[in-house]
>>> print(open('start04.tsv').read())   # TSV, C-alpha atoms
chain	number	residue	atom	x	y	z
R	692	MET	CA	27.95	8.59	4.34
R	693	LYS	CA	25.93	9.17	1.15
R	694	GLY	CA	24.60	7.08	-1.69
R	695	PHE	CA	23.49	8.77	-4.91
R	696	GLY	CA	23.15	12.06	-3.02
R	697	VAL	CA	21.08	10.50	-0.22
R	698	PRO	CA	22.42	10.87	3.35
R	699	LEU	CA	22.19	7.26	4.54
R	700	GLY	CA	22.59	8.29	8.17
R	701	TRP	CA	19.49	10.48	8.06
R	702	VAL	CA	17.57	7.80	6.15
R	703	LEU	CA	18.39	5.27	8.85
R	704	GLY	CA	17.48	7.83	11.49
R	705	GLY	CA	14.15	8.49	9.79
R	706	ALA	CA	13.45	4.76	9.57
R	707	ALA	CA	14.23	4.39	13.29
R	708	ALA	CA	11.93	7.32	14.11
R	709	LEU	CA	9.12	5.78	12.05
R	710	PHE	CA	9.60	2.38	13.70
R	711	ALA	CA	9.61	3.91	17.19
R	712	ALA	CA	6.51	5.99	16.42
R	713	GLY	CA	4.78	2.89	15.07
R	714	VAL	CA	5.49	0.89	18.23
R	715	LEU	CA	4.22	3.75	20.40
R	716	GLY	CA	1.16	4.06	18.19
R	717	VAL	CA	0.08	0.44	18.55
R	718	ALA	CA	0.90	0.40	22.27
R	719	ALA	CA	-1.06	3.57	23.14
R	720	GLY	CA	-4.69	3.20	24.14
R	721	ALA	CA	-7.08	2.37	26.94
R	722	ALA	CA	-6.21	-1.33	26.80
R	723	SER	CA	-2.52	-1.47	27.61
R	724	ILE	CA	-0.25	-3.67	25.49
R	725	SER	CA	3.47	-3.40	26.18
R	726	ALA	CA	5.92	-2.65	23.40
R	727	ALA	CA	7.80	-5.87	24.19
R	728	ASP	CA	4.64	-7.96	23.77
R	729	ILE	CA	3.85	-6.20	20.50
R	730	LEU	CA	7.30	-6.96	19.12
R	731	ARG	CA	7.09	-10.59	20.25
R	732	HIS	CA	3.69	-10.95	18.58
R	733	LEU	CA	4.98	-9.49	15.31
R	734	LEU	CA	7.93	-11.90	15.46
R	735	SER	CA	5.48	-14.75	16.00
R	736	LEU	CA	4.03	-14.01	12.56
R	737	LEU	CA	7.41	-14.94	11.06
R	738	PRO	CA	8.83	-18.48	10.88
R	739	PHE	CA	11.18	-17.96	13.83
R	740	GLY	CA	9.42	-20.23	16.32
R	741	VAL	CA	8.42	-17.33	18.61
R	742	GLU	CA	5.07	-17.71	20.41
R	743	THR	CA	2.72	-14.75	20.79
R	744	PRO	CA	2.21	-13.48	24.36
R	745	LEU	CA	-1.14	-11.86	23.48
R	746	THR	CA	-4.62	-13.11	24.26
R	747	GLU	CA	-7.13	-13.47	21.41
R	748	ARG	CA	-8.77	-10.18	22.44
R	749	GLN	CA	-5.43	-8.35	22.51
R	750	GLU	CA	-4.46	-9.84	19.16
R	751	ALA	CA	-7.74	-8.70	17.57
R	752	LEU	CA	-7.32	-5.23	19.06
R	753	LEU	CA	-3.77	-4.99	17.74
R	754	MET	CA	-4.24	-6.45	14.26
R	755	GLU	CA	-7.69	-5.13	13.36
R	756	LEU	CA	-7.76	-1.71	15.04
R	757	ARG	CA	-4.44	-0.30	16.14
R	758	LEU	CA	-2.03	-1.65	13.52
R	759	PRO	CA	-4.09	-0.58	10.46
R	760	ARG	CA	-4.54	2.85	12.04
R	761	VAL	CA	-0.80	3.23	12.55
R	762	VAL	CA	-0.06	2.02	9.01
R	763	MET	CA	-2.66	4.45	7.66
R	764	GLY	CA	-1.13	7.30	9.65
R	765	ALA	CA	2.36	6.48	8.36
R	766	VAL	CA	1.17	6.32	4.74
R	767	VAL	CA	-0.93	9.50	4.90
R	768	GLY	CA	1.85	11.40	6.68
R	769	ALA	CA	4.41	10.28	4.12
R	770	LEU	CA	2.14	11.25	1.22
R	771	LEU	CA	1.25	14.72	2.52
R	772	ALA	CA	4.80	15.56	3.64
R	773	THR	CA	6.43	14.40	0.41
R	774	ALA	CA	3.82	16.17	-1.71
R	775	GLY	CA	4.52	19.37	0.22
R	776	GLY	CA	8.27	19.04	-0.29
R	777	ALA	CA	7.77	18.41	-4.01
R	778	TYR	CA	5.45	21.40	-4.41
R	779	GLN	CA	8.02	23.60	-2.66
R	780	GLY	CA	10.68	22.38	-5.06
R	781	VAL	CA	8.71	22.69	-8.27
R	782	PHE	CA	7.35	26.16	-7.43
R	783	ARG	CA	10.59	27.27	-5.68
R	784	ASN	CA	8.37	28.50	-2.88
R	785	PRO	CA	8.90	27.61	0.80
R	786	LEU	CA	5.19	28.09	1.56
R	787	ALA	CA	3.86	25.72	-1.10
R	788	ASP	CA	1.77	22.99	0.50
R	789	PRO	CA	-1.17	20.78	-0.53
R	790	PHE	CA	-3.40	22.55	1.97
R	791	LEU	CA	-2.42	26.10	0.95
R	792	LEU	CA	-2.21	25.52	-2.82
R	793	GLY	CA	-5.79	24.32	-3.19
R	794	ALA	CA	-4.80	20.70	-3.83
R	795	ALA	CA	-6.32	19.41	-0.59
R	796	ALA	CA	-9.50	21.46	-1.02
R	797	GLY	CA	-9.83	20.26	-4.62
R	798	ALA	CA	-9.30	16.66	-3.52
R	799	GLY	CA	-11.88	17.15	-0.79
R	800	LEU	CA	-14.43	18.50	-3.27
R	801	GLY	CA	-13.85	15.59	-5.65
R	802	ALA	CA	-14.15	13.02	-2.88
R	803	THR	CA	-17.27	14.68	-1.46
R	804	MET	CA	-18.97	14.64	-4.85
R	805	VAL	CA	-18.42	10.89	-5.09
R	806	MET	CA	-19.72	10.38	-1.54
R	807	VAL	CA	-22.90	12.33	-2.30
R	808	PHE	CA	-23.62	11.41	-5.92
R	809	GLY	CA	-21.65	8.19	-6.41
R	810	HIS	CA	-24.46	5.93	-5.19
R	811	GLU	CA	-26.56	7.05	-8.14
R	812	VAL	CA	-24.02	5.44	-10.48
R	813	LEU	CA	-22.48	2.55	-8.50
R	814	ALA	CA	-23.65	0.43	-5.60
R	815	ASP	CA	-20.27	0.93	-3.88
R	816	PRO	CA	-18.51	4.07	-5.18
R	817	ARG	CA	-15.58	3.95	-2.71
R	818	ALA	CA	-13.15	2.89	-5.42
R	819	LEU	CA	-13.89	6.15	-7.29
R	820	VAL	CA	-13.00	8.38	-4.34
R	821	PRO	CA	-9.20	8.50	-4.95
R	822	VAL	CA	-9.72	9.10	-8.69
R	823	ALA	CA	-12.16	11.97	-8.10
R	824	ALA	CA	-9.86	13.38	-5.42
R	825	PHE	CA	-6.94	13.29	-7.87
R	826	VAL	CA	-8.87	15.23	-10.52
R	827	GLY	CA	-9.95	17.77	-7.91
R	828	ALA	CA	-6.41	18.14	-6.55
R	829	LEU	CA	-4.99	18.79	-10.03
R	830	ALA	CA	-7.70	21.35	-10.75
R	831	GLY	CA	-7.12	23.12	-7.43
R	832	VAL	CA	-3.34	23.45	-7.70
R	833	ALA	CA	-3.54	24.44	-11.38
R	834	ALA	CA	-6.05	27.19	-10.59
R	835	ALA	CA	-3.93	28.52	-7.71
R	836	TYR	CA	-0.75	28.52	-9.78
R	837	LEU	CA	-2.36	30.22	-12.78
R	838	LEU	CA	-4.06	32.83	-10.61
R	839	GLY	CA	-0.86	33.54	-8.66
R	840	SER	CA	1.21	33.80	-11.85
R	841	THR	CA	-1.14	35.98	-13.90
R	842	ALA	CA	-2.64	38.23	-11.22
R	843	GLY	CA	0.22	38.53	-8.74
R	844	GLY	CA	3.46	38.02	-10.63
R	845	GLY	CA	4.17	34.55	-9.24
R	846	GLY	CA	5.85	35.64	-6.00
R	847	THR	CA	5.51	33.90	-2.65
R	848	ALA	CA	2.76	36.18	-1.34
R	849	ALA	CA	0.84	36.01	-4.62
R	850	LEU	CA	0.90	32.21	-4.71
R	851	VAL	CA	-0.22	31.93	-1.07
R	852	LEU	CA	-3.06	34.43	-1.57
R	853	ALA	CA	-4.12	32.67	-4.76
R	854	GLY	CA	-4.10	29.35	-2.94
R	855	VAL	CA	-6.22	30.78	-0.12
R	856	ALA	CA	-8.71	32.22	-2.63
R	857	VAL	CA	-8.97	28.97	-4.59
R	858	SER	CA	-9.24	26.88	-1.41
R	859	SER	CA	-12.03	29.15	-0.11
R	860	PHE	CA	-13.94	28.83	-3.37
R	861	LEU	CA	-13.55	25.04	-3.49
R	862	SER	CA	-14.53	24.75	0.18
R	863	ALA	CA	-17.68	26.76	-0.53
R	864	ALA	CA	-18.48	24.46	-3.46
R	865	GLN	CA	-17.87	21.50	-1.19
R	866	THR	CA	-20.31	22.87	1.40
R	867	LEU	CA	-22.92	23.26	-1.33
R	868	VAL	CA	-22.44	19.64	-2.41
R	869	GLN	CA	-22.66	18.51	1.23
R	870	GLN	CA	-26.08	20.11	1.58
R	871	MET	CA	-27.29	18.02	-1.33
R	872	GLY	CA	-26.42	14.87	0.58
R	873	VAL	CA	-28.08	15.49	3.95
R	874	ASP	CA	-28.28	11.77	4.70
R	875	GLN	CA	-24.47	11.56	4.74
R	876	LEU	CA	-23.79	15.00	6.19
R	877	GLN	CA	-22.51	13.79	9.56
R	878	ARG	CA	-20.12	11.27	7.98
R	879	ILE	CA	-18.81	13.84	5.49
R	880	TYR	CA	-18.34	16.47	8.21
R	881	ALA	CA	-16.37	14.05	10.39
R	882	TRP	CA	-14.25	13.11	7.38
R	883	LEU	CA	-13.51	16.76	6.58
R	884	LEU	CA	-12.04	17.36	10.04
R	885	GLY	CA	-9.44	14.71	9.35
R	886	GLY	CA	-8.93	11.43	11.12
R	887	LEU	CA	-7.53	7.93	10.91
R	888	GLY	CA	-9.95	6.02	13.12
R	889	ARG	CA	-12.65	5.27	10.55
R	890	GLY	CA	-10.57	3.14	8.20
R	891	GLY	CA	-8.97	-0.26	8.33
R	892	TRP	CA	-7.02	-2.60	6.10
R	893	ASP	CA	-9.57	-2.03	3.31
R	894	ASP	CA	-8.63	1.65	3.12
R	895	VAL	CA	-4.93	0.80	3.18
R	896	ARG	CA	-5.45	-1.52	0.22
R	897	LEU	CA	-7.62	1.07	-1.55
R	898	ILE	CA	-4.95	3.77	-1.67
R	899	ALA	CA	-1.87	1.52	-1.84
R	900	PRO	CA	-1.52	1.61	-5.68
R	901	TYR	CA	-1.91	5.40	-5.80
R	902	ALA	CA	0.47	5.89	-2.86
R	903	VAL	CA	3.15	3.68	-4.41
R	904	VAL	CA	2.97	5.39	-7.82
R	905	GLY	CA	2.95	8.90	-6.32
R	906	LEU	CA	5.84	8.29	-3.92
R	907	VAL	CA	8.00	6.43	-6.44
R	908	VAL	CA	7.66	9.19	-9.04
R	909	LEU	CA	8.38	11.89	-6.46
R	910	LEU	CA	11.43	10.07	-5.09
R	911	LEU	CA	12.79	9.63	-8.61
R	912	SER	CA	12.24	13.36	-9.23
R	913	GLY	CA	14.72	14.56	-6.62
R	914	TYR	CA	17.53	15.03	-9.15
R	915	LEU	CA	15.18	16.87	-11.52
R	916	LEU	CA	14.07	19.25	-8.78
R	917	ASP	CA	17.72	19.97	-7.97
R	918	MET	CA	18.25	20.87	-11.64
R	919	LEU	CA	15.17	23.12	-11.66
R	920	ALA	CA	16.56	24.95	-8.63
R	921	LEU	CA	19.45	26.12	-10.84
R	922	GLY	CA	17.02	27.97	-13.13
R	923	ASP	CA	15.20	27.03	-16.30
R	924	ASP	CA	18.02	28.11	-18.61
R	925	LYS	CA	20.54	25.95	-16.78
R	926	ALA	CA	18.09	23.03	-16.73
R	927	VAL	CA	17.57	23.30	-20.49
R	928	SER	CA	21.33	23.35	-21.03
R	929	LEU	CA	21.53	20.10	-19.06
R	930	GLY	CA	18.99	18.49	-21.36
R	931	LEU	CA	15.84	18.86	-19.24
R	932	ASN	CA	12.45	20.15	-20.32
R	933	PRO	CA	11.30	22.26	-17.33
R	934	VAL	CA	7.67	22.31	-18.43
R	935	VAL	CA	7.45	18.52	-18.65
R	936	VAL	CA	9.29	18.08	-15.35
R	937	ARG	CA	6.89	20.44	-13.58
R	938	MET	CA	3.86	18.72	-15.04
R	939	VAL	CA	5.07	15.28	-13.95
R	940	VAL	CA	6.01	16.40	-10.43
R	941	ILE	CA	2.77	18.34	-9.94
R	942	ALA	CA	0.74	15.35	-11.16
R	943	ALA	CA	2.58	12.96	-8.82
R	944	ALA	CA	2.29	15.34	-5.84
R	945	SER	CA	-1.42	15.82	-6.56
R	946	LEU	CA	-1.90	12.04	-6.79
R	947	ALA	CA	-0.18	11.63	-3.42
R	948	THR	CA	-2.38	14.36	-1.91
R	949	ALA	CA	-5.53	12.84	-3.37
R	950	ALA	CA	-4.70	9.38	-2.04
R	951	ALA	CA	-4.18	10.79	1.45
R	952	VAL	CA	-7.26	13.02	1.46
R	953	SER	CA	-9.53	10.28	0.10
R	954	VAL	CA	-9.10	8.19	3.27
R	955	SER	CA	-8.12	10.67	5.98
R	956	GLY	CA	-9.96	13.87	5.12
R	957	LEU	CA	-8.36	17.29	5.28
R	958	ILE	CA	-5.21	17.31	7.42
R	959	GLY	CA	-3.35	20.58	7.07
R	960	PHE	CA	0.23	21.78	7.59
R	961	VAL	CA	1.96	18.38	7.38
R	962	GLY	CA	3.33	19.38	3.98
R	963	ILE	CA	4.89	22.53	5.42
R	964	VAL	CA	6.15	21.43	8.83
R	965	VAL	CA	7.93	18.18	7.91
R	966	PRO	CA	9.80	19.27	4.73
R	967	HIS	CA	11.09	22.40	6.48
R	968	ILE	CA	12.39	20.42	9.44
R	969	VAL	CA	14.03	17.92	7.08
R	970	ARG	CA	15.56	20.73	5.02
R	971	ARG	CA	17.14	22.11	8.19
R	972	LEU	CA	18.63	18.69	8.90
R	973	VAL	CA	19.87	17.49	5.50
R	974	GLY	CA	20.31	20.67	3.44
R	975	SER	CA	18.71	21.87	0.21
R	976	ASN	CA	19.39	18.81	-1.98
R	977	TYR	CA	16.03	17.29	-2.97
R	978	ARG	CA	17.63	13.91	-3.56
R	979	ALA	CA	18.18	13.97	0.21
R	980	ILE	CA	15.06	15.89	1.28
R	981	LEU	CA	12.42	13.68	-0.34
R	982	PRO	CA	13.41	10.20	0.98
R	983	VAL	CA	13.96	11.51	4.50
R	984	THR	CA	10.64	13.39	4.29
R	985	VAL	CA	8.80	10.16	3.45
R	986	LEU	CA	10.01	8.59	6.70
R	987	MET	CA	9.75	11.67	8.90
R	988	GLY	CA	6.29	12.49	7.54
R	989	GLY	CA	5.05	9.03	8.47
R	990	ALA	CA	6.55	9.25	11.96
R	991	PHE	CA	5.18	12.77	12.48
R	992	LEU	CA	1.56	11.91	11.71
R	993	VAL	CA	1.63	8.69	13.74
R	994	LEU	CA	2.83	10.70	16.76
R	995	VAL	CA	0.23	13.41	16.15
R	996	ASP	CA	-2.48	10.75	15.98
R	997	ILE	CA	-1.38	9.43	19.38
R	998	VAL	CA	-1.94	12.93	20.78
R	999	ALA	CA	-5.31	13.21	19.02
R	1000	ARG	CA	-6.67	10.01	20.55
R	1001	THR	CA	-5.21	10.33	24.06
R	1002	VAL	CA	-5.17	14.00	25.07
R	1003	VAL	CA	-8.94	14.13	25.77
R	1004	ALA	CA	-9.52	10.38	26.25
R	1005	PRO	CA	-11.96	8.67	26.17
R	1006	ALA	CA	-13.01	11.22	23.54
R	1007	GLU	CA	-10.88	11.83	20.45
R	1008	LEU	CA	-9.77	15.04	18.78
R	1009	PRO	CA	-9.88	15.29	14.97
R	1010	ILE	CA	-6.27	14.94	13.86
R	1011	GLY	CA	-6.67	18.00	11.62
R	1012	VAL	CA	-7.26	20.10	14.73
R	1013	VAL	CA	-4.00	18.92	16.29
R	1014	THR	CA	-1.95	19.55	13.13
R	1015	ALA	CA	-3.50	23.04	12.90
R	1016	PHE	CA	-2.44	23.83	16.48
R	1017	LEU	CA	1.10	22.71	15.66
R	1018	GLY	CA	1.31	23.99	12.10
R	1019	ALA	CA	-0.21	27.46	12.28
R	1020	PRO	CA	2.58	28.94	14.48
R	1021	PHE	CA	5.14	27.14	12.30
R	1022	PHE	CA	3.61	28.68	9.18
R	1023	ILE	CA	3.76	32.16	10.73
R	1024	LEU	CA	7.43	31.64	11.58
R	1025	ILE	CA	8.22	30.59	7.99
R	1026	LEU	CA	6.24	33.54	6.62
R	1027	ARG	CA	8.20	35.98	8.79
R	1028	THR	CA	11.48	34.37	7.79
R	1029	THR	CA	10.76	34.54	4.05
R	1030	ARG	CA	9.57	38.13	4.40
R	1031	HIS	CA	12.79	39.17	6.15
R	1032	ARG	CA	14.75	37.53	3.32
R	1033	GLY	CA	12.78	39.51	0.78
R	1034	THR	CA	11.40	36.48	-1.03
>>> encode(input="start04.tsv", output="structure tokens")
Amino acid sequence: MKGFGVPLGWVLGGAAALFAAGVLGVAAGAASISAADILRHLLSLLPFGVETPLTERQEALLMELRLPRVVMGAVVGALLATAGGAYQGVFRNPLADPFLLGAAAGAGLGATMVMVFGHEVLADPRALVPVAAFVGALAGVAAAYLLGSTAGGGGTAALVLAGVAVSSFLSAAQTLVQQMGVDQLQRIYAWLLGGLGRGGWDDVRLIAPYAVVGLVVLLLSGYLLDMLALGDDKAVSLGLNPVVVRMVVIAAASLATAAAVSVSGLIGFVGIVVPHIVRRLVGSNYRAILPVTVLMGGAFLVLVDIVARTVVAPAELPIGVVTAFLGAPFFILILRTTRHRGT
């Protein structure tokens, strides 16, 4: 069953996966809270006359620690996955990803500059972090695309190599900026490794406007990406301006990346793994890929975060480490596949 090109079955399946991952996410931890009690408590917040089974301590743990972390994981996962899918569509490149294109490194540099120098301008510069990350993400992906197009002919290998070069340069610049802010070095380093445990509802509210704008624009761009896949000449004949479409999609994907990076740090490979899995499930239609990717991306990162905070409990692994362990072999598989196809 489909609506406007969207497979409703897969959308419902993605929503169910996200809901199940969310319940597991808030239930997992040293202090056990059953899934049934969690659901009853959430129902108690609605005017249904259901009483909460949780103690005050359990309620505080759920509402102030676990639930905002799960919501943050779902939002960040959705942003990174959808941005990756959009980049792959606009560049017609299966390896395009915020992490590999320089967008994440640029966002990280912008955010780090605000963390180090922002206090010289504002008493609380946190509100500037997403904006600076957005500017850095745009600069990073633009540099990678221009370098790959002019120096390497714009092929898959050229774009990946350009993205690696730009990311390395931006990471070096970021390290230089870090050394200028020694007082905050430990906090910045922990942020760079990627994680969801430092934030709360304040961070959710901070990125919510950027996340909504980025995701809405990307979801509305599915039809345009399908037209671009037919070739620029065909797109022009259908009344589209390919240059404008690319600029809008790249800006929205960079905004989504910046919003995610500004609160979670650098979490790699989400933008490659999730869109490719979704593409295998729903086909090559971006009107189907993008909405399902939003849901699957959220579910994926919530589940990865459960692994990050339980596999070496009571310690916690940086979530970026876990996604690297999962994503690096996946990336190699995709690289081998695209090479065999001659792309």
>>> residues_near_point(input="start04.tsv", point="(5.2, 29.5, 10.3)", cutoff="12 Å", atoms="all atoms listed in the file", output="PyMOL selection string")
chain R and resi 785-786+960-961+963-965+967-968+1015-1030
>>> closest_residue(input="start04.tsv", among="R:Val717, R:Met806, R:Val998, R:Leu957", to="Leu758 (chain R)", atoms="all atoms listed in the file")
R:Val717
>>> closest_residue(input="start04.tsv", among="R:Gln875, R:Val781, R:Gly793, R:Thr773", to="Pro933 (chain R)", atoms="only C-alpha atoms")
R:Val781
>>> axis_aligned_box(input="start04.tsv", around="region 869-872 of chain R", padding_each_side="4 Å", output="AutoDock Vina command-line options")
--center_x -25.0 --center_y 17.5 --center_z 0.1 --size_x 12.6 --size_y 13.2 --size_z 10.9
>>> residues_around(input="start04.tsv", residues="region 814-825 of chain R", least_positions_apart="3", cutoff="10 Å", atoms="all atoms listed in the file", output="tab-separated table (two decimals) with C-alpha atoms, in the coordinates of the input")
chain	number	residue	atom	x	y	z
R	794	ALA	CA	-4.80	20.70	-3.83
R	795	ALA	CA	-6.32	19.41	-0.59
R	796	ALA	CA	-9.50	21.46	-1.02
R	797	GLY	CA	-9.83	20.26	-4.62
R	798	ALA	CA	-9.30	16.66	-3.52
R	799	GLY	CA	-11.88	17.15	-0.79
R	800	LEU	CA	-14.43	18.50	-3.27
R	801	GLY	CA	-13.85	15.59	-5.65
R	802	ALA	CA	-14.15	13.02	-2.88
R	803	THR	CA	-17.27	14.68	-1.46
R	804	MET	CA	-18.97	14.64	-4.85
R	805	VAL	CA	-18.42	10.89	-5.09
R	806	MET	CA	-19.72	10.38	-1.54
R	807	VAL	CA	-22.90	12.33	-2.30
R	808	PHE	CA	-23.62	11.41	-5.92
R	809	GLY	CA	-21.65	8.19	-6.41
R	810	HIS	CA	-24.46	5.93	-5.19
R	811	GLU	CA	-26.56	7.05	-8.14
R	828	ALA	CA	-6.41	18.14	-6.55
R	829	LEU	CA	-4.99	18.79	-10.03
R	830	ALA	CA	-7.70	21.35	-10.75
R	831	GLY	CA	-7.12	23.12	-7.43
R	894	ASP	CA	-8.63	1.65	3.12
R	897	LEU	CA	-7.62	1.07	-1.55
R	898	ILE	CA	-4.95	3.77	-1.67
R	901	TYR	CA	-1.91	5.40	-5.80
R	942	ALA	CA	0.74	15.35	-11.16
R	943	ALA	CA	2.58	12.96	-8.82
R	944	ALA	CA	2.29	15.34	-5.84
R	945	SER	CA	-1.42	15.82	-6.56
R	946	LEU	CA	-1.90	12.04	-6.79
R	947	ALA	CA	-0.18	11.63	-3.42
R	948	THR	CA	-2.38	14.36	-1.91
R	949	ALA	CA	-5.53	12.84	-3.37
R	950	ALA	CA	-4.70	9.38	-2.04
R	951	ALA	CA	-4.18	10.79	1.45
R	952	VAL	CA	-7.26	13.02	1.46
R	953	SER	CA	-9.53	10.28	0.10
R	954	VAL	CA	-9.10	8.19	3.27
>>> closest_atom_pairs(input="start04.tsv", of="region 759-828 of chain R", to="region 836-839 of chain R", cutoff="12 Å", atoms="all atoms listed in the file", output="Markdown table")
| residue | atom | partner | partner_atom | distance |
| --- | --- | --- | --- | --- |
| R:Tyr778 | CA | R:Tyr836 | CA | 10.9 |
| R:Val781 | CA | R:Tyr836 | CA | 11.2 |
| R:Phe782 | CA | R:Tyr836 | CA | 8.8 |
| R:Asn784 | CA | R:Tyr836 | CA | 11.4 |
| R:Ala787 | CA | R:Tyr836 | CA | 10.2 |
| R:Asp788 | CA | R:Tyr836 | CA | 11.9 |
| R:Leu791 | CA | R:Tyr836 | CA | 11.1 |
| R:Leu792 | CA | R:Tyr836 | CA | 7.7 |
| R:Gly793 | CA | R:Tyr836 | CA | 9.3 |
| R:Ala794 | CA | R:Tyr836 | CA | 10.6 |
>>> closest_residue(input="start04.tsv", among="R:Asn976, R:Leu861, R:Gly891, R:Gly775", to="Met754 (chain R)", atoms="only C-alpha atoms")
R:Gly891
>>> atom_distance(input="start04.tsv", atom1="CA of Leu852 (chain R)", atom2="CA of Ala864 (chain R)")
18.5 Å
>>> atom_distance(input="start04.tsv", atom1="CA of Leu736 (chain R)", atom2="CA of Val766 (chain R)")
22.0 Å
>>> atom_distance(input="start04.tsv", atom1="CA of Leu753 (chain R)", atom2="CA of His732 (chain R)")
9.6 Å
>>> residues_around(input="start04.tsv", residues="Glu750 (chain R)", least_positions_apart="3", cutoff="12 Å", atoms="all atoms listed in the file", output="MDAnalysis selection string")
chainID R and resid 717:718 722 724 728:729 731:733 735:736 743:747 753:758
>>> closest_residue(input="start04.tsv", among="R:Ala777, R:Val903, R:Val851, R:Leu715", to="Val939 (chain R)", atoms="only C-alpha atoms")
R:Ala777
>>> closest_atom_pairs(input="start04.tsv", of="region 859-962 of chain R", to="region 695-714 of chain R", cutoff="12 Å", atoms="only C-alpha atoms", output="tab-separated table")
residue	atom	partner	partner_atom	distance
R:Leu910	CA	R:Val697	CA	10.8
R:Leu911	CA	R:Phe695	CA	11.4
R:Gly913	CA	R:Gly696	CA	9.5
R:Tyr914	CA	R:Gly696	CA	8.8
R:Asp917	CA	R:Gly696	CA	10.8
>>> residues_around(input="start04.tsv", residues="Gly1011 (chain R)", least_positions_apart="5", cutoff="6 Å", atoms="only C-alpha atoms", output="list in words")
Leu884, Gly885 and Ile958 of chain R
>>> closest_residue(input="start04.tsv", among="R:Val761, R:Ile879, R:Ile941, R:Val908", to="Val832 (chain R)", atoms="all atoms listed in the file")
R:Ile941
